[in-house]
Amino acid sequence: MKLVGKNIEKVLVIGSGPIVIGQSAEFDYSGSQACASLRAEGVKVVVVNSNPATIQTDKEIADIVYIEPLRADFLERIIEKEKPQGLIATMGGQTGLNLAVELHKKGILKKYNLKMLGTGIESIEMAEDRGKFKSLMQKIGEPIPESVAANSAGEAWEFAATHPFPLILRPAFTLGGTGGGIARGKEDFDKLLELGFALSPTHQVLVEQSVLGWGEFEYEMMRDSYDNCITICNMENIDPMGVHTGESVVVAPSQTLSDDEHQMLRSAAIKIIRALKIEGGCNIQFALNQKTGEYVVVEVNPRLSRSSALASKATGYPIARVAAKIALGLGLHEIKNAVTKTTPAAFEPSLDYCVVKIPRWPFDKIPESNRVIGTQMKSTGETMAIGRTFEEAFGKALRSVEMKKVKIQPKDIEHHLAAPTDLRIYAILEALRLGWEKEKINKLTEIHLWFLDRLDAYANMENRLKREVFGRKLLYEAKRVGYSDEQIASIIGHETSMVRDMRKKAGIVPVYKMVDTCAAEFEALTPYYYSTYENENESKPTRRRKVVIIGSGPIRIGQGIEFDYCCCHAAFALREIGIESIMINNNPETVSTDFDTSDRLYFEPLTFEDVMNVIEHEKPEGVIVQFGGQTSINLAQRLEMSGVKILGTQMEGIDIAEDREKFKALLHELGIRQPDNATATNEQEAVEHATRIGYPIVVRPSYVIAGRGMQIVYDEESLRKYIGEAVEVSERKPVLVDKYIEKAIECEIDGVADGKRLFVGGIMEHVERAGVHSGDANNVVPCVRLKKEVQEKILEVSERIALALKTKGSINIQYVVQNDVLYVLEANPRASRTMPFLSKATGVPLVKIATKVIMGKTLEELGATEMPHMSHYAVKGVVFPFLKLPGADTVLGPEMKSTGESMGADYDFPLAFMKALLGANLKIPRSGGVAISLKDGDKERAKPLAEALFEMGFSVYATPTTAAQIGGKVKLLKKISEGEPNILSEIKKGSIHLVFNTPKKGKVANTDGFRIRRACLENGIPCLTNFEAAEALVGAMRHSFGKKLHVERIDEYGSGVGY
Amino acid sequence: MLAEKKAVLVLSDGSIFFGKGFGATERRVGEIVFTTNMTGYEESLTDPSYAGQILVSTYPLIGNYGMQPDWCESSQMQVEGYAVRELCSGPRHANSTATLGKRMEDAGIPGIWGIDTRFLVRLIRNSGVMPACLSVCEKQEDQQELLSMARELDYSKINFVEKVSVGEAKSYGKGGKKVVLIDYGVKMGIVRELAKRGLEVVVVPFSTSAEEMLAFSPDGILASNGPGDPALLTKESNELRKLFGKLPIFGICLGNQLLGQAAGAKTYKLKFGHRGGNHPVLDVKAAKVTITTQNHGFAVDEKTLPSEFEVTHRNLIDGTVEGMQHKELPVFAVQYHPEANPGPCDSKYLFDKFVSML
């Protein structure tokens, strides 16, 4: 063994920060695996990540954890303090990579004698710098599209003059293709160029000849310091070039390549990874013209990626684990595959199944955004399914996405096919069902005919089910092509339960096959299974005490990595008390689907049928549904009706909490106040209720996830408009009308109840005023503004509610406080998205406590009785996806829009808040200009804000009415329609570095405010749309002015309760 | 569309698989083996080393990209039968000239699909390779009859090499240097790799004597791959021994085993062989790993290898001999397939090494 340094005892691992589009849970997955792998070699691991909802930042995973902003200045302080000898930057996505390059360029690596382990700076720069990459490819004779790495618009235009449109533009060093796009003409070109220069940290844009329509293939590669190279997996994008791989339906392994084509690309990949001297994992993308056999190298990611997470789950090969050992200098031949325990790491997985990945897009939450997909990522998550045929895997993946039933109108088909949207795959299926010529679809989409054949076979099962006699044979065939019982039932016009019964009577039940990396060639010990309809069942249930945990499926707005974190912790807790954990989930990016998180893993859709099949096979003592978000809670009722034991809070309690009328009655009985509210089943009723309650009101459809369709309405006209346009109202789908408590403080608790008492982890106070969705609000714990009596009242009321709901396990209760009067907004007797944050803030493992309570322990036994006392503040910051979603407004409201979170901790609230914002990647200026444009009601409070800014030396710009309130040194800006100078023109000039813009009441897009907010977004200028947040920020800026924010290990803060 | 044909596969241990038939309506017996290659079915089906065997693909989706002459490793289909999970009857590839089913039908080879091939592979893995009988039929088959047919087969007793080797010497390529390539069942990939390096390649029948080979005045000898039990080929091994020290010799696969026997070593049968494109082979001296193409059911017994030979390569998974060389003479061999087809091309440097020795 030639370990790079026997002197390497401590290694710094950089995480990827908050979840954003293009950088999701996959880096917690790779980061956690890497940390465990390093520790197994006896190395001490220091992790830095600003995202508290990560397993990587658990004390069980890393030796030393810093939850601090991912910026070079903070990293330097951590390096100075910890003095690690090695740095691993390839586990933290583009964020980690860019930081490593920055640390190198600033001489920090050298200064602290910090060695890059694994893939080095030179390799990273070679792969990431378009110009350097191009010359390397030319040197080794690998074809690349003709391109120019333009450092100026002039250079770019020069290239465009000699190369026909369409041209592809990609800003250098951005993640998930941010700011990239296809220019079909001069106008697009100009726009993309400007955006690209603004977004690229190196002010460089690659302009590239288009290979639109060519097949897109990816190779996941590994190389070690001995120069051993292997391919883990190749993947084929069903959507051809022009659609980002993160936006494509992807299949593994490739399906349309002959062996010589596959070997041609594989050999090229090896040549490239050698030339780049990668030490670790790497993803290489090729475009192949499948008519001529010509190919080009599109891109190399010299790090672990979303694709590598997918490849790991698709093959059973733990890429991150092996990459971490390679970083220490081990050779592939010296490493064992910990998944199979029988094969070496120097082994190319062979699959005996087909894997299909389908992305999950956020357009249901942000409907105003343009749905066209292309070279920039817009999806928030993805799901993966495994089957023995393409059709089976595809069918399973399609139902794992958990999209509401999509119906494409025949007249819209061509539109979705020609310009790809998130609905394209549904449009193709509909076209095939209607008998469109595959050649025509191929012409419009350029999707390979082989895939269209397979999709046709899938789609046409529907026609067969309609036409043919329904019997055992047809049912079996339908199951073999991946149809669910529900799907079959709706096609043949029966109840789902009937199809299920009939199927079981006919003996058509799934078997489970193992994902073993070696296509059954060797005996493997991997407890990782998928279902299929075949003969042999390889999954042999144990006779241990065991429990099923239902996961949360693909990451979407409102159901993010936080729930996966909870599911992982539930599995860890079960392990601690000696109970076997069985995880069911379908998200390939996450830790919950890692091989050693649970005792047994079923990679399955999270529908009643698929979950029930596993339960019938495994026969657990019960299922835990409270950690997987809405996905798992939605299954609870049907599972219970089928005789499955729901562990923890029972359906009854869940139902009371979710049913507005029952909940209202319960609170009434308990004598607990709630904002005045009512339920309306038609427009007239809604107006009557609203008049009685008094405006403003909050309206929303019943049964919602993450505030979907929720809005604050200030008058009757807007209410009628909302009901008319935004929602369907009916007897079965009522609309809820709530009094909107104005000028109030919102707060919430997360806790665990055991039937006797409630243990509250903490009271989290929203920084913003009430009305911003709790998932989008900045939260602080402990409370800053709420009086002690109010806090005590909250604890007392919370316990009464929790006990009344017969809560067993976790609960989240949200409140609004106006003039010290407490109102309950809602109670959710299940894990909330703030649980991981609160656990990190307090050091108390809330989910583990909840799990143990669910399994029968009492809070007293667990020592969890008093709310932890904190001597520091922790603030949850939020991250939004707006930049990736053109057309989306950035104003916050009761509808959740954020994708991720950060945490800032300090002994002072303002500093903690500042860190949370920095952790959420906001560029808070220390000097320059601040533009203020406030609505009535806020602008009266503008003066002290401006004065504080003047004091710190900022220039303050304001629109006329706001400026009138400020007076003095303020620089006057015109309204946009009235000419320059206005906020837009000043942003363009570069004189504005921070914007406070509180929007008018109601929901209005395309106003001045909207244009200002988009301009900020596109220029990377923080723009706060909530007055309280602006106030808190100015406070934080003042507090930290001229100071160095200090860094501290997370366990140095806070206290905990003896855990 | 033709009526769906039925197929039944019976293993000598009594296991029976009922599936759909494709290819020819025939009954065939053969030793059942599996390959883990995910692509390259045409290369495998035409690889003479598979003579006498019924092949199972572990990868379930087969036939996707059709068939074309360039992907053939010999002039005909060599397997006795083919078993797959999902057959693609409408391939889509720019270069495809026929479907897999059609080519098999033309070649008279039966195929079975729609069966749980993973179950079948696990049976073979656990019990070892065994004789089997595959029948594609229009009506019900007598399973007992198929079982006894399977049980009658004794794979190790059959000399498959004489069935697949060329009848007479044939020359390929032009160049300064000349190589005699002994055809024990050679894959065309080997011929192509040599010709590509500017050599004249004289392919000679397996039975060619050392003297006859030397009469071509070659600069080197390549002992090819081929099917069957090397222990049957004592005469051939003896001829090879006569060439030691006369000129550089390179052995591939069966060639490796025969050179081993020529040196005095014994060979033995592996439980279920190595067939696929993902086995890691460790270069013992360089401590480097190469991912290789493999297709062999026998191996050289390291304990019996005389001291003038050394093991140069070892299988990283089971430690078996994957390569050896004479300590002084220019004689070396590998158990795997540097010519690839199908599989990774990472070992093609071995041909360069051979050429440099000429």
# chains A, B, ... in the order shown; residues from 1 in each chain; ligands from 1
call {"tool": "residues_around", "arguments": {"residues": "Thr25 of chain B", "least_positions_apart": "3", "cutoff": "10 Å", "atoms": "only C-alpha atoms", "output": "PDB file with N, CA and C atoms, in the first residue's frame"}}
result
ATOM      1  N   LYS B   5     -43.397 -18.967 -31.567  1.00  0.00           N
ATOM      2  CA  LYS B   5     -42.887 -20.327 -31.359  1.00  0.00           C
ATOM      3  C   LYS B   5     -42.642 -20.555 -29.870  1.00  0.00           C
ATOM      4  N   LYS B   6     -42.749 -21.804 -29.476  1.00  0.00           N
ATOM      5  CA  LYS B   6     -42.474 -22.140 -28.084  1.00  0.00           C
ATOM      6  C   LYS B   6     -41.027 -22.619 -27.983  1.00  0.00           C
ATOM      7  N   ALA B   7     -40.497 -22.535 -26.796  1.00  0.00           N
ATOM      8  CA  ALA B   7     -39.156 -23.085 -26.604  1.00  0.00           C
ATOM      9  C   ALA B   7     -39.048 -23.664 -25.212  1.00  0.00           C
ATOM     10  N   GLY B  21     -39.845 -19.084 -28.388  1.00  0.00           N
ATOM     11  CA  GLY B  21     -38.759 -19.511 -29.251  1.00  0.00           C
ATOM     12  C   GLY B  21     -38.403 -18.449 -30.265  1.00  0.00           C
ATOM     13  N   PHE B  22     -37.151 -18.427 -30.657  1.00  0.00           N
ATOM     14  CA  PHE B  22     -36.745 -17.608 -31.804  1.00  0.00           C
ATOM     15  C   PHE B  22     -35.617 -18.349 -32.507  1.00  0.00           C
ATOM     16  N   ARG B  28     -31.121 -28.693 -29.930  1.00  0.00           N
ATOM     17  CA  ARG B  28     -29.661 -28.756 -29.859  1.00  0.00           C
ATOM     18  C   ARG B  28     -29.241 -29.056 -28.416  1.00  0.00           C
ATOM     19  N   GLU B 105     -31.993 -18.036 -37.283  1.00  0.00           N
ATOM     20  CA  GLU B 105     -32.831 -18.951 -38.070  1.00  0.00           C
ATOM     21  C   GLU B 105     -32.042 -19.432 -39.291  1.00  0.00           C
ATOM     22  N   GLY B 108     -29.589 -21.958 -38.422  1.00  0.00           N
ATOM     23  CA  GLY B 108     -30.111 -23.195 -37.839  1.00  0.00           C
ATOM     24  C   GLY B 108     -29.929 -23.289 -36.347  1.00  0.00           C
ATOM     25  N   ILE B 109     -29.829 -22.156 -35.683  1.00  0.00           N
ATOM     26  CA  ILE B 109     -29.590 -22.157 -34.236  1.00  0.00           C
ATOM     27  C   ILE B 109     -30.874 -21.787 -33.499  1.00  0.00           C
ATOM     28  N   PRO B 110     -31.283 -22.579 -32.525  1.00  0.00           N
ATOM     29  CA  PRO B 110     -32.482 -22.242 -31.758  1.00  0.00           C
ATOM     30  C   PRO B 110     -32.185 -21.240 -30.640  1.00  0.00           C
ATOM     31  N   GLY B 111     -33.196 -20.468 -30.307  1.00  0.00           N
ATOM     32  CA  GLY B 111     -33.058 -19.513 -29.206  1.00  0.00           C
ATOM     33  C   GLY B 111     -34.299 -19.520 -28.332  1.00  0.00           C
ATOM     34  N   SER B 135     -34.757 -26.651 -27.168  1.00  0.00           N
ATOM     35  CA  SER B 135     -35.589 -26.999 -28.307  1.00  0.00           C
ATOM     36  C   SER B 135     -36.573 -25.881 -28.611  1.00  0.00           C
ATOM     37  N   VAL B 136     -36.605 -25.471 -29.861  1.00  0.00           N
ATOM     38  CA  VAL B 136     -37.640 -24.546 -30.324  1.00  0.00           C
ATOM     39  C   VAL B 136     -38.606 -25.399 -31.132  1.00  0.00           C
ATOM     40  N   CYS B 137     -39.870 -25.299 -30.799  1.00  0.00           N
ATOM     41  CA  CYS B 137     -40.802 -26.262 -31.337  1.00  0.00           C
ATOM     42  C   CYS B 137     -42.153 -25.605 -31.585  1.00  0.00           C
ATOM     43  N   GLU B 138     -42.933 -26.259 -32.377  1.00  0.00           N
ATOM     44  CA  GLU B 138     -44.272 -25.733 -32.619  1.00  0.00           C
ATOM     45  C   GLU B 138     -45.284 -26.354 -31.660  1.00  0.00           C
TER      46      GLU B 138
END
call {"tool": "interface_residues", "arguments": {"of": "chain A", "to": "chain B", "cutoff": "8 Å", "atoms": "only C-alpha atoms", "output": "VMD selection string"}}
result
chain A and resid 226 to 230 255 to 260 262 to 263 266 to 267 290 to 292 332 to 333 343 to 344 346 to 354 388 to 389 449 to 450 518 to 522 534 to 536
call {"tool": "write_last_selection", "arguments": {"atoms": "N, CA and C atoms", "output": "CSV table (one decimal), in the first residue's frame"}}
result
chain,number,residue,atom,x,y,z
A,226,TYR,N,-2.3,4.8,-9.4
A,226,TYR,CA,-1.4,3.8,-10.2
A,226,TYR,C,-1.8,3.8,-11.7
A,227,ASP,N,-2.7,4.7,-12.0
A,227,ASP,CA,-3.1,4.8,-13.4
A,227,ASP,C,-4.1,3.7,-13.8
A,228,ASN,N,-4.6,3.0,-12.9
A,228,ASN,CA,-5.7,2.0,-13.2
A,228,ASN,C,-6.9,2.8,-13.5
A,229,CYS,N,-7.6,2.4,-14.6
A,229,CYS,CA,-8.8,3.1,-15.0
A,229,CYS,C,-9.9,2.1,-15.2
A,230,ILE,N,-11.1,2.4,-14.7
A,230,ILE,CA,-12.3,1.6,-15.0
A,230,ILE,C,-13.5,2.4,-15.2
A,255,GLN,N,-28.5,1.6,-24.4
A,255,GLN,CA,-29.3,0.6,-25.1
A,255,GLN,C,-29.2,0.5,-26.6
A,256,THR,N,-28.7,1.6,-27.2
A,256,THR,CA,-28.7,1.6,-28.7
A,256,THR,C,-27.3,1.4,-29.2
A,257,LEU,N,-26.3,1.3,-28.4
A,257,LEU,CA,-24.9,1.2,-28.8
A,257,LEU,C,-24.5,-0.2,-29.1
A,258,SER,N,-23.9,-0.4,-30.3
A,258,SER,CA,-23.3,-1.7,-30.5
A,258,SER,C,-22.0,-1.8,-29.7
A,259,ASP,N,-21.4,-3.0,-29.6
A,259,ASP,CA,-20.2,-3.1,-28.8
A,259,ASP,C,-19.1,-2.3,-29.3
A,260,ASP,N,-18.9,-2.2,-30.6
A,260,ASP,CA,-17.8,-1.4,-31.1
A,260,ASP,C,-18.0,0.1,-30.8
A,262,HIS,N,-19.7,1.3,-28.2
A,262,HIS,CA,-19.5,1.4,-26.7
A,262,HIS,C,-18.0,1.4,-26.4
A,263,GLN,N,-17.3,0.5,-27.0
A,263,GLN,CA,-15.9,0.4,-26.7
A,263,GLN,C,-15.1,1.6,-27.2
A,266,ARG,N,-15.8,4.2,-24.6
A,266,ARG,CA,-15.1,3.8,-23.4
A,266,ARG,C,-13.6,4.0,-23.4
A,267,SER,N,-13.0,3.6,-24.6
A,267,SER,CA,-11.6,3.8,-24.8
A,267,SER,C,-11.3,5.3,-24.8
A,290,GLN,N,-25.5,9.1,-34.5
A,290,GLN,CA,-25.8,7.6,-34.6
A,290,GLN,C,-26.1,7.2,-36.1
A,291,LYS,N,-26.0,8.2,-37.0
A,291,LYS,CA,-26.1,7.9,-38.4
A,291,LYS,C,-24.7,7.7,-39.0
A,292,THR,N,-23.8,8.5,-38.5
A,292,THR,CA,-22.4,8.4,-39.1
A,292,THR,C,-21.4,7.8,-38.2
A,332,LEU,N,-7.1,0.8,-6.9
A,332,LEU,CA,-8.4,0.1,-7.1
A,332,LEU,C,-8.3,-1.3,-6.7
A,333,HIS,N,-7.1,-1.9,-7.0
A,333,HIS,CA,-6.9,-3.4,-6.7
A,333,HIS,C,-6.8,-3.6,-5.2
A,343,THR,N,-16.5,-8.8,-4.4
A,343,THR,CA,-15.7,-8.3,-5.6
A,343,THR,C,-14.8,-7.2,-5.2
A,344,PRO,N,-13.7,-7.1,-6.0
A,344,PRO,CA,-12.8,-5.9,-5.7
A,344,PRO,C,-13.3,-4.7,-6.3
A,346,ALA,N,-11.7,-2.8,-8.2
A,346,ALA,CA,-11.2,-2.8,-9.6
A,346,ALA,C,-12.1,-3.8,-10.4
A,347,PHE,N,-13.2,-3.4,-10.7
A,347,PHE,CA,-14.2,-4.3,-11.4
A,347,PHE,C,-15.2,-3.5,-12.1
A,348,GLU,N,-15.6,-3.8,-13.3
A,348,GLU,CA,-16.6,-3.0,-14.0
A,348,GLU,C,-18.0,-3.7,-13.8
A,349,PRO,N,-18.9,-3.0,-13.1
A,349,PRO,CA,-20.2,-3.6,-12.9
A,349,PRO,C,-20.8,-4.1,-14.1
A,350,SER,N,-21.5,-5.2,-14.0
A,350,SER,CA,-22.3,-5.7,-15.1
A,350,SER,C,-23.7,-5.7,-14.6
A,351,LEU,N,-24.6,-5.1,-15.4
A,351,LEU,CA,-26.0,-5.0,-15.0
A,351,LEU,C,-26.8,-6.1,-15.6
A,352,ASP,N,-27.8,-6.7,-14.9
A,352,ASP,CA,-28.7,-7.6,-15.6
A,352,ASP,C,-30.2,-7.1,-15.4
A,353,TYR,N,-30.3,-5.8,-15.5
A,353,TYR,CA,-31.6,-5.1,-15.4
A,353,TYR,C,-31.4,-3.8,-16.2
A,354,CYS,N,-32.5,-3.1,-16.2
A,354,CYS,CA,-32.4,-1.8,-16.9
A,354,CYS,C,-32.9,-0.8,-15.9
A,388,ARG,N,-36.6,-5.4,-15.3
A,388,ARG,CA,-35.8,-6.4,-16.1
A,388,ARG,C,-36.0,-6.0,-17.6
A,389,THR,N,-36.9,-5.1,-17.9
A,389,THR,CA,-37.0,-4.6,-19.3
A,389,THR,C,-37.1,-3.1,-19.2
A,449,LEU,N,-35.2,5.9,-32.4
A,449,LEU,CA,-36.4,5.1,-32.7
A,449,LEU,C,-36.5,3.9,-31.7
A,450,TRP,N,-35.4,3.4,-31.3
A,450,TRP,CA,-35.4,2.2,-30.4
A,450,TRP,C,-36.3,2.6,-29.1
A,518,CYS,N,-22.7,-7.5,-10.4
A,518,CYS,CA,-22.0,-8.5,-11.2
A,518,CYS,C,-22.9,-9.4,-12.0
A,519,ALA,N,-24.2,-9.1,-12.1
A,519,ALA,CA,-25.1,-9.9,-12.9
A,519,ALA,C,-25.1,-11.3,-12.4
A,520,ALA,N,-25.1,-11.5,-11.2
A,520,ALA,CA,-25.2,-12.9,-10.5
A,520,ALA,C,-24.0,-13.8,-10.7
A,521,GLU,N,-22.9,-13.2,-11.3
A,521,GLU,CA,-21.7,-14.1,-11.5
A,521,GLU,C,-21.1,-14.5,-10.2
A,522,PHE,N,-21.2,-13.7,-9.2
A,522,PHE,CA,-20.6,-14.0,-7.9
A,522,PHE,C,-21.7,-13.9,-6.9
A,534,GLU,N,-41.1,-12.2,-12.3
A,534,GLU,CA,-40.3,-13.3,-12.9
A,534,GLU,C,-40.5,-14.5,-11.9
A,535,ASN,N,-39.6,-15.5,-12.1
A,535,ASN,CA,-39.7,-16.7,-11.3
A,535,ASN,C,-39.1,-16.7,-9.9
A,536,GLU,N,-37.8,-16.4,-9.9
A,536,GLU,CA,-37.1,-16.6,-8.6
A,536,GLU,C,-37.1,-15.4,-7.7
call {"tool": "closest_residue", "arguments": {"among": "A:Lys969, A:Arg830, A:Lys540, A:His773", "to": "Val878 of chain A", "atoms": "only C-alpha atoms"}}
result
A:His773
call {"tool": "closest_atom_pairs", "arguments": {"of": "segment 116-163 of chain B", "to": "segment 174-187 of chain B", "cutoff": "12 Å", "atoms": "only C-alpha atoms", "output": "CSV"}}
result
residue,atom,partner,partner_atom,distance
B:Asn159,CA,B:Tyr184,CA,10.5
B:Phe160,CA,B:Gly185,CA,8.6
B:Val161,CA,B:Tyr184,CA,5.3
B:Glu162,CA,B:Tyr184,CA,7.6
B:Lys163,CA,B:Gly185,CA,8.5
call {"tool": "write_last_selection", "arguments": {"atoms": "N, CA and C atoms", "output": "PDB file, in the first residue's frame"}}
result
ATOM      1  N   ASN B 159     -13.731 -33.161 -29.258  1.00  0.00           N
ATOM      2  CA  ASN B 159     -12.708 -32.268 -29.789  1.00  0.00           C
ATOM      3  C   ASN B 159     -13.375 -31.248 -30.703  1.00  0.00           C
ATOM      4  N   PHE B 160     -13.689 -30.081 -30.118  1.00  0.00           N
ATOM      5  CA  PHE B 160     -14.366 -29.043 -30.902  1.00  0.00           C
ATOM      6  C   PHE B 160     -13.407 -28.312 -31.822  1.00  0.00           C
ATOM      7  N   VAL B 161     -12.130 -28.324 -31.444  1.00  0.00           N
ATOM      8  CA  VAL B 161     -11.145 -27.581 -32.231  1.00  0.00           C
ATOM      9  C   VAL B 161     -11.131 -28.081 -33.665  1.00  0.00           C
ATOM     10  N   GLU B 162     -11.191 -29.395 -33.836  1.00  0.00           N
ATOM     11  CA  GLU B 162     -11.123 -29.907 -35.211  1.00  0.00           C
ATOM     12  C   GLU B 162     -12.355 -29.512 -36.014  1.00  0.00           C
ATOM     13  N   LYS B 163     -13.439 -29.173 -35.318  1.00  0.00           N
ATOM     14  CA  LYS B 163     -14.639 -28.753 -36.034  1.00  0.00           C
ATOM     15  C   LYS B 163     -14.578 -27.299 -36.489  1.00  0.00           C
TER      16      LYS B 163
END
call {"tool": "residues_around", "arguments": {"residues": "segment 233-241 of chain B", "least_positions_apart": "2", "cutoff": "9 Å", "atoms": "only C-alpha atoms", "output": "tab-separated table (two decimals) with N, CA and C atoms, in the first residue's frame"}}
result
chain	number	residue	atom	x	y	z
B	159	ASN	N	-13.73	-33.16	-29.26
B	159	ASN	CA	-12.71	-32.27	-29.79
B	159	ASN	C	-13.37	-31.25	-30.70
B	161	VAL	N	-12.13	-28.32	-31.44
B	161	VAL	CA	-11.14	-27.58	-32.23
B	161	VAL	C	-11.13	-28.08	-33.67
B	206	PHE	N	-5.19	-26.29	-37.02
B	206	PHE	CA	-4.72	-26.65	-35.68
B	206	PHE	C	-3.73	-27.80	-35.71
B	207	SER	N	-3.86	-28.66	-36.74
B	207	SER	CA	-3.06	-29.88	-36.78
B	207	SER	C	-1.70	-29.68	-37.43
B	208	THR	N	-1.40	-28.46	-37.84
B	208	THR	CA	-0.13	-28.18	-38.50
B	208	THR	C	1.04	-28.51	-37.56
B	209	SER	N	2.03	-29.21	-38.07
B	209	SER	CA	3.16	-29.58	-37.23
B	209	SER	C	4.14	-28.43	-37.12
B	210	ALA	N	5.02	-28.50	-36.15
B	210	ALA	CA	6.01	-27.46	-35.94
B	210	ALA	C	6.85	-27.25	-37.19
B	211	GLU	N	7.24	-28.34	-37.81
B	211	GLU	CA	8.07	-28.24	-39.00
B	211	GLU	C	7.34	-27.51	-40.11
B	223	ALA	N	-0.52	-18.65	-30.92
B	223	ALA	CA	-1.41	-19.78	-30.67
B	223	ALA	C	-2.76	-19.19	-30.25
B	229	ASP	N	-11.90	-28.69	-24.08
B	229	ASP	CA	-10.98	-29.05	-23.02
B	229	ASP	C	-9.56	-29.16	-23.58
B	230	PRO	N	-8.62	-28.36	-23.09
B	230	PRO	CA	-7.25	-28.40	-23.63
B	230	PRO	C	-6.59	-29.76	-23.43
B	231	ALA	N	-7.06	-30.50	-22.42
B	231	ALA	CA	-6.43	-31.80	-22.13
B	231	ALA	C	-6.54	-32.76	-23.31
B	243	LEU	N	8.53	-25.58	-30.71
B	243	LEU	CA	8.82	-24.23	-31.21
B	243	LEU	C	9.49	-23.33	-30.17
B	244	PHE	N	9.49	-23.78	-28.91
B	244	PHE	CA	10.13	-22.99	-27.85
B	244	PHE	C	11.57	-22.70	-28.22
B	245	GLY	N	11.95	-21.44	-28.10
B	245	GLY	CA	13.35	-21.10	-28.37
B	245	GLY	C	13.64	-20.87	-29.83
B	249	ILE	N	6.80	-16.65	-29.35
B	249	ILE	CA	5.46	-17.26	-29.35
B	249	ILE	C	4.55	-16.48	-28.40
B	257	GLN	N	-3.40	-22.02	-22.51
B	257	GLN	CA	-3.49	-23.33	-21.86
B	257	GLN	C	-2.58	-24.36	-22.56
B	258	LEU	N	-2.55	-24.30	-23.90
B	258	LEU	CA	-1.73	-25.25	-24.63
B	258	LEU	C	-0.24	-24.99	-24.41
B	259	LEU	N	0.13	-23.70	-24.31
B	259	LEU	CA	1.53	-23.39	-24.02
B	259	LEU	C	1.88	-23.90	-22.62
B	260	GLY	N	0.90	-23.78	-21.72
B	260	GLY	CA	1.10	-24.30	-20.36
B	260	GLY	C	1.33	-25.80	-20.40
B	261	GLN	N	0.50	-26.46	-21.16
B	261	GLN	CA	0.66	-27.93	-21.29
B	261	GLN	C	1.98	-28.27	-21.96
B	262	ALA	N	2.35	-27.43	-22.95
B	262	ALA	CA	3.62	-27.65	-23.65
B	262	ALA	C	4.79	-27.56	-22.67
B	263	ALA	N	4.62	-26.62	-21.69
B	263	ALA	CA	5.68	-26.45	-20.70
B	263	ALA	C	5.67	-27.56	-19.65
call {"tool": "residues_around", "arguments": {"residues": "Phe27 of chain A", "least_positions_apart": "5", "cutoff": "9 Å", "atoms": "only C-alpha atoms", "output": "PyMOL selection string"}}
result
chain A and resi 15-17+32+91-93+304-306+309+589-590
call {"tool": "closest_residue", "arguments": {"among": "B:Met324, B:Met188, B:Leu222, B:Ala195", "to": "Ser74 of chain B", "atoms": "only C-alpha atoms"}}
result
B:Met188
call {"tool": "residues_around", "arguments": {"residues": "Tyr29 of chain A", "least_positions_apart": "4", "cutoff": "9 Å", "atoms": "only C-alpha atoms", "output": "NGL selection string"}}
result
:A and (25 or 33-34 or 54-56 or 309 or 320 or 589-594)
call {"tool": "select_by_dssp", "arguments": {"residues": "segment 94-215 of chain B", "states": "strand (DSSP E or B)", "output": "PyMOL selection string"}}
result
chain B and resi 98+110-113+130-137+170-172+177-183+199-205
call {"tool": "closest_atom_pairs", "arguments": {"of": "segment 161-207 of chain A", "to": "segment 139-154 of chain A", "cutoff": "10 Å", "atoms": "only C-alpha atoms", "output": "tab-separated table"}}
result
residue	atom	partner	partner_atom	distance
A:His163	CA	A:Glu146	CA	8.9
A:Leu167	CA	A:Ser147	CA	9.3
A:Ile168	CA	A:Ser147	CA	9.1
A:Leu169	CA	A:Ser147	CA	9.6
A:Arg170	CA	A:Ala149	CA	9.3
A:Pro171	CA	A:Ala149	CA	9.2
A:Ala172	CA	A:Ala149	CA	8.5
A:Asp190	CA	A:Ala153	CA	8.5
A:Leu193	CA	A:Ala153	CA	7.1
A:Glu194	CA	A:Ala153	CA	8.1
A:Phe197	CA	A:Asn151	CA	8.1
A:Thr202	CA	A:Asn151	CA	8.6
A:His203	CA	A:Asn151	CA	6.4
A:Gln204	CA	A:Asn151	CA	4.8
A:Val205	CA	A:Ala150	CA	5.3
A:Leu206	CA	A:Ala149	CA	4.4
A:Val207	CA	A:Val148	CA	5.4
